[in-house]
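Beneath this line is the structure, given in structure tokens, with notes to follow.
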Amino acid sequence: MRDADPQPVRLTDYRPPDWLVDTVDLDVRLHPQATRVVVRLGMRPNPLGRPGAPIVLDGDELELKSVALDGAPLAGAGYAATPSSLTILAPPQDPLVLTIETVLDPSANTKLMGLYCSSGTYCTQCEAEGFRRITYFPDRPDVLAVYTTRIEAECEEAPVLLGNGNKVDSGDVEGTTRHFAVWHDPWPKPCYLFALVGGKLDRITEPFVTATGKEVELGIYVEPGKAGRAGYAMDALKRSMRWDEEVFGCEYDLDVFNIVAVADFNMGAMENKGLNVFNDKYVLASPETATDADYANIEAIIAHEYFHNWTGNRITCRDWFQLCLKEGLTVFRDQEFSSDQRSRPVKRIADVRLLKSHQFAEDAGPLAHPVRPATYREINNFYTATVYEKGAEVVRMLKTLLSEEGFRAGMDLYFDRHDGQAATVEEFLTCFADANGADLSQFALWYAQSGTPQVEVNGHWDAAARSYRLDVRQTQVPTPGQPDKQPMLIPLALGLVGADGRDLPLVPHDGTNAAGSVLVVSRPEQSFVFRDVEARPVPSINRGFSAPVKLTTNLASEDLLFLARHDTDPFNRFEAGQTLALAHLVSASGLAPEKTSAGPPSGGGTALVEALIEALGASLEDETLDPAFIAQVLSVPSEGDIAREIGSEVDPDAIHAARRSLRRALGEALRPGLERAYGRHAPDGAYSPDAVSAGRRALRNAALELMASTGEAADIARALAHFETADNMTDRFFALSVLAHHAPAERDAALDAFYQRFRDDPLVIDKWLALQAQIAEPETLERVRELTRHPAFSMGNPNRVRALIGNFAAANQTQFHRPDGAGHLFVADAVLELDRRNPQVAARLLGAFKSWRSLEPTRRGSAERALRRIADGPGLSPDVSDIVARSLG
């Protein structure tokens with residue numbers, strides 16, 4: 001067993017491995033309860049390691065059968081073994097071959113880490129530390145080796161045998177009912193990228209010809225009978241491969257590329273070299289079963305895992321502190337891909353909304369940590385929004401600071417200089433500094449300091465001097481372990497919008513304090529002055545969300561309304577409307593915010609609502625705008641957005657009531673425009689998941705929901721008809737959601753009809769479970785309890801758990817944070833139950849408590865009692881123990 005209270009691992013304690021592994025030859029003989037693994041490790045002392053050091057290998061719940069050194073069995077006195085480690089006490093200080101045999105029980109591996117057998121399929125998951133559950137090994141990402149894997153299984157049980165790299169041999173095992181396949185990966189890799197799969201699987205294949213004419217066989221493997229739902233994933237894969245060649249010059253490097261979709265998987269997907277393993281929800285799609293959001297997620301995650309081939313596989317991380325070096329960078333790359341495939345403004349809005357709802361909340365709570373943490377106890381708990389989403393924003397800022405050409409030059413140098421290596425953040429930044437002659441020492445603080453910088457910008461127009469001055473002040477708030485911080489380097493993209501709605505030329509007063517349209521803020525307080533400004537402009541600040549900061553300004557409501565109608569930057573046009581809505585919702589919640597992004601709103605709540613209605617109405621009627629963009633504009637800030645803006649003493653019931661009231665007011669005031677949009681974007685042909693069609697559906701459905709929020713009988717009838725006549729999952733499920741939230745009388749019949757239609761499709765039933773968990777009514781907790789006993793639900797499947805319990809905890813703030821504490825207690829008990837089965841899923845579920853300190857006293861006390869209940873639970877896993885300790889600490 002792993003230590004339930006592991007000691008902290010610190011970045012400053014890093015030292016190179018004492019022994020290197022050049023080759024790994026694995027022989028894996030699959031069996032449901034007794035899989036035999038024999039590994040031959042070609043090892044040598046590391047010149048950078050400690051002279052004369054023993055060989056120390058990691059394990060996790062392993063059963064050792066034998067050890068041999070250079071072909072000779074090793075006597076018991078020559079090694080020390082436990083289920084969690086194997087030490088060769090006095091190895092010769094020369095190249096050697098170490099042979100180790102272990103036996104595994106894949107069917108009993110409910111943690112779904114290492115090698116497991118679930119739903120009839122053998123599968124591996126080795127990131128971050130799963131390979132040590134297969135065999136003893138120096139399980140760290142800076143040990144790179146060439147792998148050859150022989151996989152053997154019963155022909156009937158596992159007719160498909162897949163591994164990393166290229167298949168070099170296969171056949172039947174003479175005299176048995178078994179067969180084998182041998183896979184060789186010529187590219188050195190860390191063990192976390194090892195993978196094998198065995199089972200009964202269907203597949204689709206297509207060829208891909210790279211930029212240099214190399215033909216690659218692409219394969220997607222799915223459960224029998226589901227191959228017809230893998231076509232979109234294949235199309236997304238081919239587009240990803242071509243895009244990476246064209247935009248980053250990255251060409252694929254093996255003869256085959258395989259993707260396997262499995263039903264039981266802790267993560268979204270895994271980028272194992274040449275053999276990506278996916279949660280099947282991110283591969284399978286058809287118009288009948290998948291929404292537009294599902295199609296977009298498949299496209300993005302297929303791309304993300306493929307892009308890891310270079311940013312993660314060919315260049316990997318020196319240690320797990322550098323996790324952002326592969327994940328943040330690759331998220332940025334998949335965001336850019338999706339932006340090019342779809343609407344760039346809409347994609348940017350969606351990405352920032354995700355960042356604010358997940359990462360800003362993380363930064364504001366007890367789980368805050370830097371993009372590159374300096375210490376950890378359980379690495380599985382640092383696969384976070386900070387590492388992924390904020391990590392991507394840091395890379396985006398590099399591009400903003402250095403220009404498109406400078407950024408590409410830095411990436412080219414990074415690929416050239418570090419190919420085949422395990423790199424660090426410092427080495428990554430050095431490539432950009434060297435390629436551009438830039439000093440990035442202050443910029444590096446984005447990787448080292450946690451928390452969301454607060455930036456206050458106040459504008460002043462001097463009519464006599466015909467100048468405009470922006471006074472900027474940045475503040476770094478204390479976070480756990482970092483009470484005092486240094487000022488950051490913050491790129492703020494800027495536009496000064498004139499009365500005619502056009503951007504004015506930016507002419508710095510002294511020619512030195514602004515670079516083009518980007519203000520480079522580097523000190524606690526700075527001023528930027530622009531000349532030749534004939535009339536007072538309205539500043540559009542942090543365009544495109546150029547920096548992940550919390551921005552406050554002295555803009556009045558009239559200025560925000562102006563930007564919501566005229567700003568040429570789509571993101572800030574959207575953001576202006578959101579800021580107006582947030583200012584009203586905070587006020588209407590009856591709570592005093594620490595400081596709202598809108599600054600002191602003028603005119604009171606009624607005036608803000610009128611301004612918001614005017615802004616949304618203008619966008620709704622503007623047929624030059626992308627329908628997908630208008631749909632985003634019509635969206636009201638989430639309950640989490642409002643709570644984050646308030647900051648403390650949060651009452652989820654008050655927030656929910658204020659948001660519901662505003663949506664009703666908007667539905668009534670905008671009804672004529674909403675009805676026109678609903679009719680104008682009615683379907684006129686067969687379903688297609690393309691961006692234009694998805695945008696039309698998004699706007700039509702947004703209009704449907706706002707009208708239904710009024711509760712009028714005619715609007716509910718329209719939603720019911722929308723549900724009953726829909727010919728695709730996007731429209732059908734959206735209408736079901738409207739009925740679930742706004743039409744209690746019609747809800748149960750619609751939910752039952754949906755279940756009966758899709759009861760045999762687990763991924764669709766996940767939507768059904770999630771929707772019921774999100775209903776903001778007192779009866780929902782009991783409904784969720786009952787659903788945990790439903791035949792469609794299983795505590796053993798991560799997707800089911802995330803759909804039902806995860807959505808209740810993360811997406812139903814009024815019921816999870818019930819004043820009586822029942823919601824907190826329910827989730828706490830679920831965490832304790834799951835921890836015995838699957839600690840990773842349990843720890844992620846526990847993350848719903850991350851903002852508990854911001855609640856009002858009654859709910860705050862309830863959340864603390866629930867966390868202490870978990871902390872006092874017997875035999876906690878390192879995953880859950882780490883999260884609960886940091887949450888309470």
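Order determines the names: the first chain of the structure tokens is A, the second B, and so forth; residues in each chain are numbered 1 upward, and ligands are numbered 1 upward as they are shown.
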
(request) Identify, on the basis of only C-alpha atoms, every residue whose closest approach to region 496-501 of chain A does not exceed 6 Å; exclude the query and any residue fewer than 6 positions from it along the same chain; express the result as a list in words. (result) Pro537, Val538, Pro539 and His566 of chain A

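The protein and nucleic acid residues lying at most 9 Å from region 568-574 of chain A are Pro345, Val346, Arg348, Ile349, Gly495, Val497, Gly501, Arg502, Asp503, Ser540, Ile541, Asn542, Arg543, Gly544, Phe545, Leu560, Phe562, Leu563, Ala564, Gln578, Thr579, Phe629, Ile630, Gln632 and Val633 of chain A, with only C-alpha atoms considered and sequence neighbours fewer than 4 positions away removed.
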
(message) Taking only region 453-686 of chain A into account, list the residues labelled helix (DSSP H, G or I) by DSSP (computed from the backbone), as a VMD selection string.
(response) chain A and resid 543 to 545 557 to 566 570 to 588 604 to 621 627 to 634 639 to 646 652 to 669 671 to 680

(message) Rounded to one decimal, what separation in Å do you get between CA of Val477 (chain A) and CA of Phe360 (chain A)?
(response) 12.5 Å

(request) Write out as a PyMOL selection string the residues lying within 12 Å of Lys273 (chain A), counting only C-alpha atoms and excluding same-chain residues fewer than 5 positions away. (result) chain A and resi 126+146-147+162-166+183-196+252-259+305-316
